[in-house]
Amino acid sequence: MTIKELIMQLVYPRVCPVCGEVLPWSISGSVEQAKADPYICRDCLKKIKIVTGTRCLKCSKPIESEEEEYCHDCAGRTNYFEEGRALWLHDGYARKIIYALKFSGIRDNADFIGYEMARRLGPWLMERRADALLPVPLHRSKQRSRGFNQAQLIAASLAKWMGIMYGYRIPIDSGMLVRTVRTKPQKDLDPRYRFNNIRGAFEADDTAAGRRICLVDDIYTTGSTINEAARTLKRAGAEKVFFITANIGI
Ligand SMILES: [Zn+2]
Ligand SMILES: [Zn+2]
C-alpha cells in the first residue's frame, strides 16, 4: 500500500456494501487490482443472487415454465427494445446495494455494479455491437433534488470497466434522450397503470438515428420505463435498442 492509499483508507474508508466491513483501498484501476482488492467481501459476493435458469428471451426475467419463451409482461405488449440483461435479482443484498446508492448516495456501489456488469455481461454487450450507453434519464427536477442520476453513475462505471477489461470503448451518450414529464414513481403504481403513467414521458433527438443503443438503469420491474424509452428512441430512428440493468424484479 502506498502512502496515498493509506491516507485514502483513513480519510475515506471503503466498506463492503453488504456487511459494512472496511476493505483495502486501491487507487489504480486495473482488473488485477479490482480482483485483488474487490469492492465486496468474497463471502458477501456469494450471497447476492445472480440471474440464472430459465429466462424470458426478451428481458431475461426468470420464468417458471420451461415451455414459455417470454415472461408475462413481455408476452402481453409490443416490445420496442430488442432484448436486455440484468445482473442480479432485486432481492436481499442486491436490493440493499441499489437502495444504498439511490437513497443514501453511496456512490462506491455504482462502481461495484459497473464492475460486476462488465465482468458478467460484458461479452453479451459486445456481441450486441452497441455503440452507445444511454443512462435512463431522470426528470430535471428529480435529478436536482437527488443530486445525481444513479443510472448515469452505473453507466460511467460500466463504460470504464468495458475499456479496462476488454478494450471496448463505448461512449455514454446521455444527450439523446430527455425526460420531459415528471411522472409518478412507477413502483407506487399497479402494473396496469405503469404504461399509461410513463407514456410520452421522454423525448429523443435526431442523434439517436441509426444508433445501436444500450439503455442503462438500476432496476427493471415490468419494463414499462425501458420500453417507453425504447419506443421513443426507435421513433427518432435508432437502429437497435438494448438494455442492461443492475437488478430485475421478480
Ligand atoms: Zn461483506
Ligand atoms: Zn420478459
# chains A, B, ... in the order shown; residues from 1 in each chain; ligands from 1
call {"tool": "residues_near_ligand", "arguments": {"ligand": "ligand 2", "cutoff": "6 Å", "atoms": "only C-alpha atoms and all ligand atoms", "output": "list in words"}}
result
Cys56, Lys58, Cys59, Ser60, Lys61, Tyr70, Cys71, Asp73 and Cys74 of chain A
call {"tool": "write_last_selection", "arguments": {"atoms": "C-alpha atoms", "output": "short mmCIF file (atom, residue, chain, number, x, y, z; two decimals), in the first residue's frame"}}
result
data_model
loop_
_atom_site.label_atom_id
_atom_site.label_comp_id
_atom_site.auth_asym_id
_atom_site.auth_seq_id
_atom_site.Cartn_x
_atom_site.Cartn_y
_atom_site.Cartn_z
CA CYS A 56 -37.51 -14.56 -20.74
CA LYS A 58 -36.64 -10.52 -24.25
CA CYS A 59 -35.93 -9.15 -20.79
CA SER A 60 -34.07 -12.05 -19.09
CA LYS A 61 -36.51 -12.21 -16.19
CA TYR A 70 -41.45 -14.80 -22.70
CA CYS A 71 -42.43 -13.52 -19.28
CA ASP A 73 -45.06 -8.65 -19.21
CA CYS A 74 -43.13 -9.16 -22.46
#
call {"tool": "residues_near_ligand", "arguments": {"ligand": "ligand 1", "cutoff": "6 Å", "atoms": "only C-alpha atoms and all ligand atoms", "output": "tab-separated table (two decimals) with N, CA and C atoms, in the first residue's frame"}}
result
chain	number	residue	atom	x	y	z
A	16	CYS	N	-17.51	-2.75	2.59
A	16	CYS	CA	-18.29	-3.74	1.86
A	16	CYS	C	-19.74	-3.26	1.80
A	18	VAL	N	-22.37	-4.84	1.56
A	18	VAL	CA	-23.32	-5.73	2.22
A	18	VAL	C	-23.16	-5.71	3.74
A	19	CYS	N	-21.94	-5.95	4.24
A	19	CYS	CA	-21.78	-6.11	5.69
A	19	CYS	C	-21.13	-4.90	6.36
A	21	GLU	N	-18.01	-4.08	6.45
A	21	GLU	CA	-16.61	-4.33	6.82
A	21	GLU	C	-15.68	-3.41	5.99
A	40	ILE	N	-16.15	-5.82	-2.51
A	40	ILE	CA	-17.05	-6.51	-1.59
A	40	ILE	C	-16.30	-7.71	-1.01
A	41	CYS	N	-16.66	-8.15	0.21
A	41	CYS	CA	-16.02	-9.36	0.76
A	41	CYS	C	-16.41	-10.55	-0.12
A	44	CYS	N	-19.64	-12.21	1.02
A	44	CYS	CA	-20.83	-11.40	0.74
A	44	CYS	C	-21.19	-11.49	-0.74
call {"tool": "select_by_dssp", "arguments": {"residues": "segment 151-227 of chain A", "states": "strand (DSSP E)", "output": "ChimeraX atom specification"}}
result
/A:177-179,202-204,212-220
call {"tool": "residues_around", "arguments": {"residues": "Gly249 of chain A", "least_positions_apart": "4", "cutoff": "12 Å", "atoms": "only C-alpha atoms", "output": "list of chain:residue names"}}
result
A:Lys49, A:Ile50, A:Val51, A:Cys59, A:Ser60, A:Lys61, A:Pro62, A:Ile63, A:Cys71, A:Asp73, A:Ala86, A:Leu87, A:Trp88, A:Leu89, A:His90, A:Asp91, A:Gly92, A:Ala94, A:Arg95, A:Lys187, A:Asp218, A:Ile219, A:Tyr220, A:Thr221, A:Thr222, A:Gly223, A:Thr245
call {"tool": "write_last_selection", "arguments": {"atoms": "C-alpha atoms", "output": "compact mmCIF listing (two decimals), in the first residue's frame"}}
result
# COMPACT_ATOMS: atom_id res chain seq x y z
CA LYS A 49 -28.46 -13.70 -6.21
CA ILE A 50 -27.49 -13.56 -9.86
CA VAL A 51 -29.98 -14.12 -12.67
CA CYS A 59 -35.93 -9.15 -20.79
CA SER A 60 -34.07 -12.05 -19.09
CA LYS A 61 -36.51 -12.21 -16.19
CA PRO A 62 -36.58 -15.70 -14.67
CA ILE A 63 -39.69 -17.64 -15.69
CA CYS A 71 -42.43 -13.52 -19.28
CA ASP A 73 -45.06 -8.65 -19.21
CA ALA A 86 -29.90 -7.85 -15.69
CA LEU A 87 -27.15 -8.63 -13.27
CA TRP A 88 -28.92 -9.56 -10.04
CA LEU A 89 -32.37 -10.44 -8.74
CA HIS A 90 -33.92 -7.46 -6.96
CA ASP A 91 -33.93 -9.08 -3.58
CA GLY A 92 -31.95 -9.23 -0.34
CA ALA A 94 -28.80 -6.75 -4.31
CA ARG A 95 -31.73 -4.58 -3.26
CA LYS A 187 -43.03 1.44 -8.04
CA ASP A 218 -30.76 0.48 -11.86
CA ILE A 219 -33.93 -1.62 -11.55
CA TYR A 220 -36.08 -3.34 -14.17
CA THR A 221 -39.51 -4.30 -12.88
CA THR A 222 -42.22 -4.63 -15.54
CA GLY A 223 -40.06 -2.87 -18.14
CA THR A 245 -29.85 -3.11 -15.55
call {"tool": "closest_residue", "arguments": {"among": "A:Ser141, A:Arg231, A:Ala118, A:Arg192", "to": "Tyr166 of chain A", "atoms": "only C-alpha atoms"}}
result
A:Ala118
call {"tool": "atom_distance", "arguments": {"atom1": "atom CA of Ser224 of chain A", "atom2": "atom CA of Asn197 of chain A"}}
result
9.1 Å
